[in-house]
Protein chains: 2
Amino acid sequence: MYKSFDIDNGVVEMNHGGGGRAMRKLIDELFIYYLNNEWLAQGNDGAVVPSHRGNLVITTDAHVVSPLFFPGGDIGSLAVYGTVNDLAVMGAIPYYLAAGFIIEEGFPLAQLARIVESMAHAANRAQIKLVAGDTKIVERGKGDGLFITTTGCGFVAEGIHLSGDQARPGDVVLLSGAIGAHGLAILTQRDPSIFTAPIYSDSAPLNDLTSAMLMSGAELRLMRDPTRGGLAATLNEIAQQSHVGIFLNEESIPIPPEVNAACELLGIDPLNIANEGKLVAICAPNDAEKLLSIMRQHPLGQQAMIIGKVVTDENYFVRMQTLFGGQRMVDWLFGEQLPRIC
Amino acid sequence: MYKSFDIDNGVVEMNHGGGGRAMRKLIDELFIYYLNNEWLAQGNDGAVVPSHRGNLVITTDAHVVSPLFFPGGDIGSLAVYGTVNDLAVMGAIPYYLAAGFIIEEGFPLAQLARIVESMAHAANRAQIKLVAGDTKIVERGKGDGLFITTTGCGFVAEGIHLSGDQARPGDVVLLSGAIGAHGLAILTQRDPSIFTAPIYSDSAPLNDLTSAMLMSGAELRLMRDPTRGGLAATLNEIAQQSHVGIFLNEESIPIPPEVNAACELLGIDPLNIANEGKLVAICAPNDAEKLLSIMRQHPLGQQAMIIGKVVTDENYFVRMQTLFGGQRMVDWLFGEQLPRIC
């Protein structure tokens with residue numbers, strides 16, 4: 001396949017971004033080789049794809065994770081799942097993905113191929129098609145290996161209105177599984193000397209789980225995936241959008257022991273750590289148990305828990321009953337504790 | 001407005017990307033301040049927007065132009081027009097834009113505000129709404145000020161099938177105006193000492209022009225905007241996709257005198273230079289004059305010309321009758337002549 005393009009030993013060069021023959025080669029022999037489908041193959045300035053019933057849902061995420069490879073994933077799978085999950089928690093079926101690559105001159109083609117292959121695998125798993133792409137090359141020292149910005153398009157049925165402003169006092173807060181693994185998977189890679197056993201990212205596509213939740217008929221108010229800023233930021237955002245308070249029960253929040261241990265070592269609150277394969281759902285009180293049981297039947301929701309409830313609070317605070325019997329505020333961080341986690 | 005956020009003297013810091021309060025501030029007080037609309041204001045993980053009739057068209061472009069500001073535009077306006085034009089040449093009406101920002105730590109907030117304001121102005125001019133965005137911050141030395149990846153969504157009527165593989169021998173090739181200005185506007189900024197008078201980028205949204213062309217009823221085969229690689233790359237791509245040759249008449253290709261002069265000085269062929277407010281159209285021979293007159297009635301098509309025709313050529317070559325009476329090949333470049341022009 002790679003007759004004139006040394007995938008094993010070559011690196012990305014400035015001329016791979018020039019709009020000429022070298023760029024054509026990179027696109028054909030690497031990107032299209034792994035990602036091809038009928039729409040990407042159109043080869044025009046835009047991909048023309050079938051529309052579907054309902055409203056269009058659009059989301060975008062720039063991915064700058066460092067390092068590019070980590071236990072349980074890489075920037076390629078993360079760039080797919082991150083965007084798929086933003087569509088899924090809106091109640092949409094993800095259909096189409098676009099990806100813009102910003103590559104630093106000198107980046108090994110073998111690593112690029114590994115990442116693009118990983119994207120193809122992730123897109124396949126999430127049942128989404130990459131239909132449009134773009135590649136730009138920047139000079140050595142003007143980037144950091146590879147950045148990938150993905151944009152997702154999906155369609156949501158007319159009757160579904162999930163939104164951060166829909167939580168009401170009395171509603172129940174559910175979490176699909178244990179938190180903290182993704183952020184710590186990245187951190188342990190940055191300084192492997194501290195950690196004896198790797199922590200694996202929970203990075204996974206949630207659209208199959210959200211479909212099951214929507215089909216359950218439970219009165220869902222909203223879903224959201226607690227990425228940057230962690231569960232704390234996500235719940236604070238919801239509280240502010242809905243003008244409510246949220247009261248959590250620490251005991252019911254699943255945190256793996258290795259995440260707890262690493263957090264103690266690093267002095268980090270697991271509630272502030274980014275996840276990429278978990279979701280928060282808020283639903284009407286009467287449907288909470290039914291929804292929980294549906295979630296637990298799904299491989300990605302086996303550890304789902306009811307973690308708290310929505311309350312009236314004119315300050316829109318998130319509070320938590322701690323393991324020690326007291327209460328504490330769950331605030332979002334002001335600063336940057338964990339840079340470039342996604 | 002900017003009580004606690006020093007837009008005039010402040011810089012972007014790592015904590016503006018952390019998912020906490022600082023990021024919320026940057027988003028609310030800068031991005032939403034300039035770009036707000038009912039869909040962006042939803043503040044959820046994805047924007048839910050109305051669908052329209054016809055097929056969905058999706059396109060994406062990473063923008064890494066250097067310098068960020070140049071005569072006639074900046075990375076903000078370019079990121080809007082570049083994506084709008086990719087939708088327009090597919091025959092689509094552009095509706096929605098998503099933008100992912102990758103910002104280097106230390107980037108001046110005042111420059112960021114100027115660029116976001118420019119995006120807002122460009123989006124307004126192109127009648128497109130920015131409905132989804134994302135911001136990531138990378139450490140000093142790991143980026144180059146600012147990269148913006150924009151993704152556009154539009155809808156194209158069912159009956160319209162413009163594609164690079166639709167050109168047929170006998171068809172006529174039209175160009176909407178003079179070429180070379182955008183690429184040279186960037187180049188002259190990089191080394192202002194060489195050039196006494198600035199050359200202004202032709203960067204502009206083409207969707208109003210393409211609407212007029214589509215409504216003319218002319219039998220259009222395809223449209224394409226000659227960006228990276230210039231007119232030469234665009235025509236070679238079309239020739240390969242359609243399995244035809246293209247024969248150009250150099251005399252009829254409009255090139256501004258200042259572009260010609262700068263190209264001679266730099267040893268660059270104007271046919272290889274990126275444009276961002278021009279389009280190539282290929283149509284059935286009987287409709288060429290009618291289409292030309294429609295294009296000339298539009299402000300962005302006043303200098304439109306018939307520049308050549310599609311011919312049978314089993315090598316899919318692009319050739320040109322030169323001003324001196326000879327013929328030459330018009331090839332795309334192998335390498336990178338003009339890095340980071342878009």
# chains A, B, ... in the order shown; residues from 1 in each chain; ligands from 1
call {"tool": "interface_residues", "arguments": {"of": "chain A", "to": "chain B", "cutoff": "6 Å", "atoms": "only C-alpha atoms", "output": "ChimeraX atom specification"}}
result
/A:15,18-22,45-51,55-62,86-87,100,132-134,142-144,228-229,332-336
call {"tool": "write_last_selection", "arguments": {"atoms": "N, CA and C atoms", "output": "CSV table (one decimal), in the first residue's frame"}}
result
chain,number,residue,atom,x,y,z
A,15,ASN,N,5.3,20.0,3.6
A,15,ASN,CA,4.7,19.9,2.3
A,15,ASN,C,3.5,18.9,2.3
A,18,GLY,N,0.4,21.4,2.0
A,18,GLY,CA,0.5,22.5,1.1
A,18,GLY,C,-0.6,22.5,0.0
A,19,GLY,N,-1.5,21.5,0.0
A,19,GLY,CA,-2.5,21.5,-1.0
A,19,GLY,C,-2.1,20.8,-2.3
A,20,GLY,N,-0.9,20.3,-2.3
A,20,GLY,CA,-0.3,19.7,-3.5
A,20,GLY,C,-0.3,18.1,-3.5
A,21,ARG,N,0.6,17.5,-4.3
A,21,ARG,CA,0.6,16.1,-4.4
A,21,ARG,C,0.9,15.4,-3.0
A,22,ALA,N,1.8,16.0,-2.2
A,22,ALA,CA,2.2,15.4,-1.0
A,22,ALA,C,1.0,15.3,0.0
A,45,ASP,N,-15.7,19.6,-1.4
A,45,ASP,CA,-15.4,20.5,-0.4
A,45,ASP,C,-16.2,20.3,0.9
A,46,GLY,N,-17.4,19.7,0.7
A,46,GLY,CA,-18.2,19.3,1.8
A,46,GLY,C,-18.8,17.9,1.5
A,47,ALA,N,-19.2,17.2,2.6
A,47,ALA,CA,-19.8,15.9,2.4
A,47,ALA,C,-21.4,16.1,2.4
A,48,VAL,N,-22.0,15.5,1.4
A,48,VAL,CA,-23.5,15.5,1.3
A,48,VAL,C,-24.0,14.2,1.9
A,49,VAL,N,-24.7,14.3,3.0
A,49,VAL,CA,-25.2,13.1,3.7
A,49,VAL,C,-26.7,13.2,3.9
A,50,PRO,N,-27.3,12.0,4.1
A,50,PRO,CA,-28.7,12.0,4.4
A,50,PRO,C,-29.1,12.7,5.7
A,51,SER,N,-30.2,13.5,5.6
A,51,SER,CA,-30.7,14.1,6.8
A,51,SER,C,-31.6,13.0,7.5
A,55,ASN,N,-34.7,17.1,15.2
A,55,ASN,CA,-33.8,18.3,15.2
A,55,ASN,C,-32.4,17.9,15.0
A,56,LEU,N,-31.6,18.7,14.4
A,56,LEU,CA,-30.2,18.5,14.2
A,56,LEU,C,-29.5,18.9,15.6
A,57,VAL,N,-28.5,18.1,16.0
A,57,VAL,CA,-27.7,18.4,17.2
A,57,VAL,C,-26.3,18.5,16.7
A,58,ILE,N,-25.6,19.6,17.1
A,58,ILE,CA,-24.2,19.8,16.7
A,58,ILE,C,-23.4,20.1,18.0
A,59,THR,N,-22.2,19.5,18.0
A,59,THR,CA,-21.3,19.7,19.1
A,59,THR,C,-19.9,19.6,18.6
A,60,THR,N,-18.9,20.4,19.2
A,60,THR,CA,-17.5,20.3,18.8
A,60,THR,C,-16.6,20.3,20.0
A,61,ASP,N,-15.5,19.7,19.8
A,61,ASP,CA,-14.5,19.6,20.9
A,61,ASP,C,-13.1,19.6,20.3
A,62,ALA,N,-12.2,20.5,20.8
A,62,ALA,CA,-10.8,20.4,20.4
A,62,ALA,C,-10.1,19.5,21.4
A,86,ASP,N,-21.1,13.8,23.7
A,86,ASP,CA,-21.8,15.1,23.8
A,86,ASP,C,-23.2,15.0,23.0
A,87,LEU,N,-23.2,14.3,21.9
A,87,LEU,CA,-24.4,14.1,21.2
A,87,LEU,C,-25.4,13.2,22.0
A,100,GLY,N,-10.7,17.8,12.3
A,100,GLY,CA,-9.6,18.7,11.8
A,100,GLY,C,-8.4,18.3,12.5
A,132,ALA,N,-16.1,14.1,7.0
A,132,ALA,CA,-15.3,15.2,6.5
A,132,ALA,C,-14.1,15.4,7.3
A,133,GLY,N,-13.0,15.8,6.7
A,133,GLY,CA,-11.8,16.0,7.5
A,133,GLY,C,-10.9,17.1,6.9
A,134,ASP,N,-9.9,17.5,7.6
A,134,ASP,CA,-9.0,18.5,7.1
A,134,ASP,C,-7.7,18.3,7.9
A,142,LYS,N,5.8,24.8,16.9
A,142,LYS,CA,4.6,25.6,16.9
A,142,LYS,C,3.3,24.8,17.2
A,143,GLY,N,3.5,23.6,17.6
A,143,GLY,CA,2.4,22.8,18.0
A,143,GLY,C,2.9,21.8,19.1
A,144,ASP,N,2.1,20.7,19.3
A,144,ASP,CA,2.6,19.7,20.2
A,144,ASP,C,2.3,18.3,19.8
A,228,ARG,N,-14.2,17.7,31.6
A,228,ARG,CA,-13.4,18.7,32.2
A,228,ARG,C,-14.0,19.3,33.5
A,229,GLY,N,-13.3,19.3,34.6
A,229,GLY,CA,-13.9,19.9,35.8
A,229,GLY,C,-14.6,18.8,36.6
A,332,TRP,N,-16.8,24.0,42.1
A,332,TRP,CA,-15.9,23.8,41.0
A,332,TRP,C,-14.6,24.6,41.3
A,333,LEU,N,-13.6,24.1,40.7
A,333,LEU,CA,-12.3,24.7,40.9
A,333,LEU,C,-12.2,26.1,40.3
A,334,PHE,N,-11.5,27.0,40.8
A,334,PHE,CA,-11.2,28.2,40.1
A,334,PHE,C,-10.2,28.0,39.0
A,335,GLY,N,-9.1,27.4,39.4
A,335,GLY,CA,-7.9,27.3,38.6
A,335,GLY,C,-7.8,26.0,37.8
A,336,GLU,N,-6.7,25.7,37.3
A,336,GLU,CA,-6.4,24.6,36.5
A,336,GLU,C,-5.6,23.5,37.2
call {"tool": "select_by_dssp", "arguments": {"residues": "stretch 70-271 of chain A", "states": "strand (DSSP E)", "output": "count of residues only"}}
result
50
call {"tool": "residues_around", "arguments": {"residues": "A:Ile282", "least_positions_apart": "5", "cutoff": "6 Å", "atoms": "only C-alpha atoms", "output": "VMD selection string"}}
result
chain A and resid 172 to 173 221 to 222
call {"tool": "write_last_selection", "arguments": {"atoms": "all heavy atoms", "output": "CSV table (one decimal), in the first residue's frame"}}
result
chain,number,residue,atom,x,y,z
A,172,VAL,N,-34.2,13.2,40.9
A,172,VAL,CA,-33.2,12.3,41.4
A,172,VAL,C,-32.0,12.3,40.5
A,172,VAL,O,-32.1,12.4,39.2
A,172,VAL,CB,-33.7,10.9,41.5
A,172,VAL,CG1,-32.7,9.8,41.8
A,172,VAL,CG2,-34.9,10.8,42.5
A,173,VAL,N,-30.8,12.3,41.1
A,173,VAL,CA,-29.5,12.4,40.3
A,173,VAL,C,-28.9,11.0,40.2
A,173,VAL,O,-28.6,10.4,41.3
A,173,VAL,CB,-28.5,13.4,41.0
A,173,VAL,CG1,-27.2,13.5,40.2
A,173,VAL,CG2,-29.2,14.7,41.2
A,221,ARG,N,-34.9,14.4,32.7
A,221,ARG,CA,-34.8,15.9,32.5
A,221,ARG,C,-33.6,16.2,31.7
A,221,ARG,O,-33.7,17.2,30.9
A,221,ARG,CB,-34.7,16.5,33.9
A,221,ARG,CG,-35.7,16.1,34.9
A,221,ARG,CD,-37.1,16.7,34.7
A,221,ARG,NE,-37.9,16.5,35.9
A,221,ARG,CZ,-39.1,16.2,35.9
A,221,ARG,NH1,-39.8,16.1,34.8
A,221,ARG,NH2,-39.8,16.1,37.1
A,222,LEU,N,-32.5,15.6,32.0
A,222,LEU,CA,-31.3,15.9,31.3
A,222,LEU,C,-30.3,14.8,31.6
A,222,LEU,O,-30.4,14.0,32.5
A,222,LEU,CB,-30.7,17.2,31.8
A,222,LEU,CG,-30.2,17.3,33.2
A,222,LEU,CD1,-28.7,17.1,33.3
A,222,LEU,CD2,-30.6,18.7,33.8
call {"tool": "atom_distance", "arguments": {"atom1": "atom CA of A:Pro71", "atom2": "atom CA of A:Asp208"}}
result
23.0 Å
call {"tool": "select_by_dssp", "arguments": {"residues": "stretch 64-206 of chain B", "states": "alpha helix (DSSP H)", "output": "ChimeraX atom specification"}}
result
/B:75-88,109-126,181-190
call {"tool": "atom_distance", "arguments": {"atom1": "atom CA of A:Asn315", "atom2": "atom CA of A:Ile179"}}
result
26.1 Å
call {"tool": "residues_around", "arguments": {"residues": "A:Ser176", "least_positions_apart": "5", "cutoff": "8 Å", "atoms": "only C-alpha atoms", "output": "JSON, numbers by chain"}}
result
{"A": [278, 279, 280, 281, 295, 300, 301, 302, 303, 304, 305]}
call {"tool": "closest_atom_pairs", "arguments": {"of": "stretch 150-170 of chain B", "to": "stretch 215-218 of chain B", "cutoff": "12 Å", "atoms": "only C-alpha atoms", "output": "JSON lines"}}
result
{"residue": "B:Ala157", "atom": "CA", "partner": "B:Met215", "partner_atom": "CA", "distance": 11.7}
{"residue": "B:Gly159", "atom": "CA", "partner": "B:Gly217", "partner_atom": "CA", "distance": 11.9}
{"residue": "B:Ile160", "atom": "CA", "partner": "B:Gly217", "partner_atom": "CA", "distance": 11.0}
call {"tool": "write_last_selection", "arguments": {"atoms": "C-alpha atoms", "output": "PDB file, in the first residue's frame"}}
result
ATOM      1  CA  ALA B 157     -31.979  20.833  -2.057  1.00  0.00           C
ATOM      2  CA  GLY B 159     -32.209  17.967  -6.857  1.00  0.00           C
ATOM      3  CA  ILE B 160     -28.766  19.541  -6.632  1.00  0.00           C
TER       4      ILE B 160
END
